[in-house]
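Undergrad: Okay, handing you the structure first.
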Amino acid sequence: MRVLGIDGGASSTKWMVLDGEGRVVAQGRAAPIIGHLFNEDMRVQVWAALDLLLSETRAYTPEVVVAGITGLDADTREAQQMGEYIGRGLGLLPGRVWVFNDMDLAYRAHFVPGGGIVLYAGTGSVAYHVAQDGRVYRAGGHGYLIGDEGGGFWIGKTALCQVLSWHDTGLDTTPLPLAQHLYQALGGRDWPCIRAYVYGGGRQAVAALAPAVGRAAQEGDEAAAQILLQAGRELADLALTLRHRLGPLPVVLCGGALQVSPLIEQGARERIELTVQYASSAEAAARMALEMLLSGGK
């Protein structure tokens, strides 16, 4: 008796297999899996990434799968498509795969319904609350084109805008750590090189610039430090928006972007009281799958 939990994200996907006693059998990482199945190119990329993950986990013969996928909501046509694809890939009977939004899992990894607000900073950002009756309240999480303030993409984009502004004004960026670390990450400093990196790699490529901002701040670059502090403030504002609606609930700050720099947490604490946790959404998914298996899927 084994179950599989999947935490699909824009930067990478994490998975965990548990046995019937709740013990970890295996865990790993896979290519990014997102719920953007809006056109054929996106679907091809997602199915290819899923195929690789399923080939890694098929040998563990999971009987139930719970997957949390970024950019995808439960009970949608896309969630049904992904659930059916996973089920076919693992040879599971219908009703043995449940697909949710990744934030549903992140919330349950930190709180019981009604317990608080999860403030998540990954490639994107969102403040998220699940009420006792199951209703979802959220602030932010609108995607990199119109939101995601404070997340990895926002940090990379804001830093790149700063460096390009310096360049446009004719400033010598040679002694500036932020410019140098970004140029190194970009693979060059001329506009054709930068353009190819950004528009060839898209959202994930820009978010991948965030660690360079963290390294620059560590070397004392004031512009980099201010970007990271502001990222934390932007994140805190999302949680404050939900608190205005829901009351003074406790806030947990989590997500991979926090690894960029402690300045993000510092900036958030300027605006709101919070705790920082790193609970595993893949484990939360696997434990939810185990509960479903033991309860007969109820």
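Convention: chains lettered A, B, ... in structure tokens order; per-chain residue numbering from 1; ligands numbered from 1 as shown.
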If we count only C-alpha atoms and set the cut-off at 9 Å, which residues sit around region 19-21 of chain A, ignoring sequence neighbours fewer than 2 positions away in its own chain? Please answer as a ChimeraX atom specification.
TA: /A:1-3,17,23-25,62,290,293-294
Undergrad: Skipping near chain neighbours, those fewer than 6 positions away, what residues fall within 7 Å of region 215-224 of chain A using only C-alpha atoms, listed as a PyMOL selection string?
TA: chain A and resi 177-178+181
Undergrad: Quick one: residues within 9 Å of Asp51 (chain A), only C-alpha atoms counted, chain neighbours fewer than 4 positions away excluded, as a list in words?
TA: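 Answer for this query is Val46, Trp47, Ser55, Glu56, Ile86 and Gly89 of chain A.
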Undergrad: Considering only C-alpha atoms, state which residue in the set A:Glu63, A:Asp7, A:Glu84, A:Glu234 is at the smallest distance from Leu119 (chain A).
TA: A:Glu234
Undergrad: Could you list, as a PyMOL selection string, every residue within 12 Å of Gln277 (chain A), counting only C-alpha atoms and ignoring same-chain residues fewer than 6 positions away?
TA: chain A and resi 106-107+109-111+118-121+251-256+258-259+265
Undergrad: Out of A:Leu209, A:Leu249, A:Leu186, A:Val136, which residue has the shortest atom-to-atom distance to Gly156 (chain A) when counting only C-alpha atoms?
TA: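 Closest to Gly156 (chain A), using only C-alpha atoms: A:Leu209.
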Undergrad: Which of region 33-142 of chain A counts as strand (DSSP E) under DSSP, as a PyMOL selection string please?
TA: chain A and resi 64-69+97-101+117-121+125-130+136-140
Undergrad: Run DSSP on the backbone and grab whatever in region 175-228 of chain A lands in helix (DSSP H, G or I); send it over as a PyMOL selection string.
TA: chain A and resi 177-186+191-207+210-218+222-228
Undergrad: Would you put the residues from that selection into a file with C-alpha atoms, as a compact mmCIF listing (two decimals), in the first residue's frame?
TA:
# COMPACT_ATOMS: atom_id res chain seq x y z
CA PRO A 177 27.76 44.31 -7.64
CA LEU A 178 24.11 44.17 -8.74
CA ALA A 179 25.01 44.83 -12.36
CA GLN A 180 27.94 42.45 -12.34
CA HIS A 181 25.99 39.57 -10.79
CA LEU A 182 23.11 40.09 -13.19
CA TYR A 183 25.39 40.24 -16.21
CA GLN A 184 26.99 36.99 -15.09
CA ALA A 185 23.59 35.31 -14.73
CA LEU A 186 22.45 36.71 -18.08
CA TRP A 191 21.00 44.25 -25.14
CA PRO A 192 20.83 41.44 -27.74
CA CYS A 193 22.16 39.02 -25.12
CA ILE A 194 19.77 40.27 -22.45
CA ARG A 195 16.83 40.23 -24.85
CA ALA A 196 17.53 36.66 -25.89
CA TYR A 197 17.79 35.54 -22.26
CA VAL A 198 14.58 37.24 -21.13
CA TYR A 199 12.31 36.65 -24.09
CA GLY A 200 13.74 33.25 -24.89
CA GLY A 201 13.43 31.98 -21.32
CA GLY A 202 10.35 33.86 -20.16
CA ARG A 203 9.00 33.83 -16.63
CA GLN A 204 11.29 31.16 -15.22
CA ALA A 205 14.43 32.78 -16.69
CA VAL A 206 13.63 36.15 -15.12
CA ALA A 207 12.83 34.54 -11.76
CA ALA A 210 16.68 36.57 -8.11
CA PRO A 211 19.62 34.71 -6.49
CA ALA A 212 21.99 37.11 -8.27
CA VAL A 213 20.21 39.97 -6.49
CA GLY A 214 20.73 38.18 -3.19
CA ARG A 215 24.44 37.75 -3.85
CA ALA A 216 24.78 41.43 -4.73
CA ALA A 217 23.03 42.46 -1.52
CA GLN A 218 25.35 40.20 0.45
CA GLU A 222 22.39 49.12 -1.63
CA ALA A 223 20.14 48.94 -4.69
CA ALA A 224 19.93 45.16 -4.40
CA ALA A 225 19.21 45.40 -0.67
CA GLN A 226 16.38 47.86 -1.26
CA ILE A 227 14.82 45.62 -3.92
CA LEU A 228 14.80 42.68 -1.53
Undergrad: Which residues, written as a PyMOL selection string, have at least one atom at most 9 Å from Ala239 (chain A), with only C-alpha atoms counted and residues fewer than 6 positions away on the same chain left out?
TA: chain A and resi 117-119+126-128+138-139+251+272
Undergrad: So that I have them on file, write out the residues from the current selection with N, CA and C atoms, as a compact mmCIF listing (two decimals), in the first residue's frame.
TA:
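Result saved to part_0.txt:
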# COMPACT_ATOMS: atom_id res chain seq x y z
N ILE A 117 -3.22 32.58 7.81
CA ILE A 117 -2.95 33.04 6.45
C ILE A 117 -1.58 32.55 6.03
N VAL A 118 -1.50 31.89 4.89
CA VAL A 118 -0.22 31.50 4.31
C VAL A 118 0.18 32.58 3.31
N LEU A 119 1.36 33.13 3.53
CA LEU A 119 1.92 34.15 2.64
C LEU A 119 3.06 33.47 1.88
N VAL A 126 1.36 35.06 -3.25
CA VAL A 126 -0.06 35.09 -2.92
C VAL A 126 -0.21 35.00 -1.41
N ALA A 127 -1.26 35.62 -0.88
CA ALA A 127 -1.70 35.39 0.50
C ALA A 127 -2.97 34.55 0.42
N TYR A 128 -3.07 33.51 1.26
CA TYR A 128 -4.08 32.47 1.04
C TYR A 128 -4.67 32.03 2.38
N ARG A 138 -8.18 34.93 -0.95
CA ARG A 138 -6.82 35.13 -1.43
C ARG A 138 -6.60 36.59 -1.80
N ALA A 139 -5.35 36.99 -1.73
CA ALA A 139 -4.94 38.31 -2.20
C ALA A 139 -3.68 38.10 -3.03
N VAL A 251 0.04 34.72 10.58
CA VAL A 251 0.57 34.67 9.22
C VAL A 251 1.84 33.83 9.20
N ILE A 272 4.36 43.57 9.16
CA ILE A 272 3.42 42.63 9.77
C ILE A 272 4.16 41.61 10.62
Undergrad: Report, in Å to a single decimal, how far apart CA of Glu283 (chain A) and CA of Leu18 (chain A) are.
TA: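 CA of Glu283 (chain A) lies at a distance of 8.5 Å from CA of Leu18 (chain A).
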Undergrad: Measure the distance from CA of Ile264 (chain A) to CA of Ala282 (chain A) in Å and round it to one decimal.
TA: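 The value is 24.0 Å.
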Undergrad: Choose the residue, out of A:Ala10, A:Val99, A:Ala26, A:Leu240, that has the smallest atom-to-atom separation from Gly68 (chain A); count only C-alpha atoms.
TA: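 Nearest candidate to Gly68 (chain A) out of A:Ala10, A:Val99, A:Ala26, A:Leu240: A:Val99.
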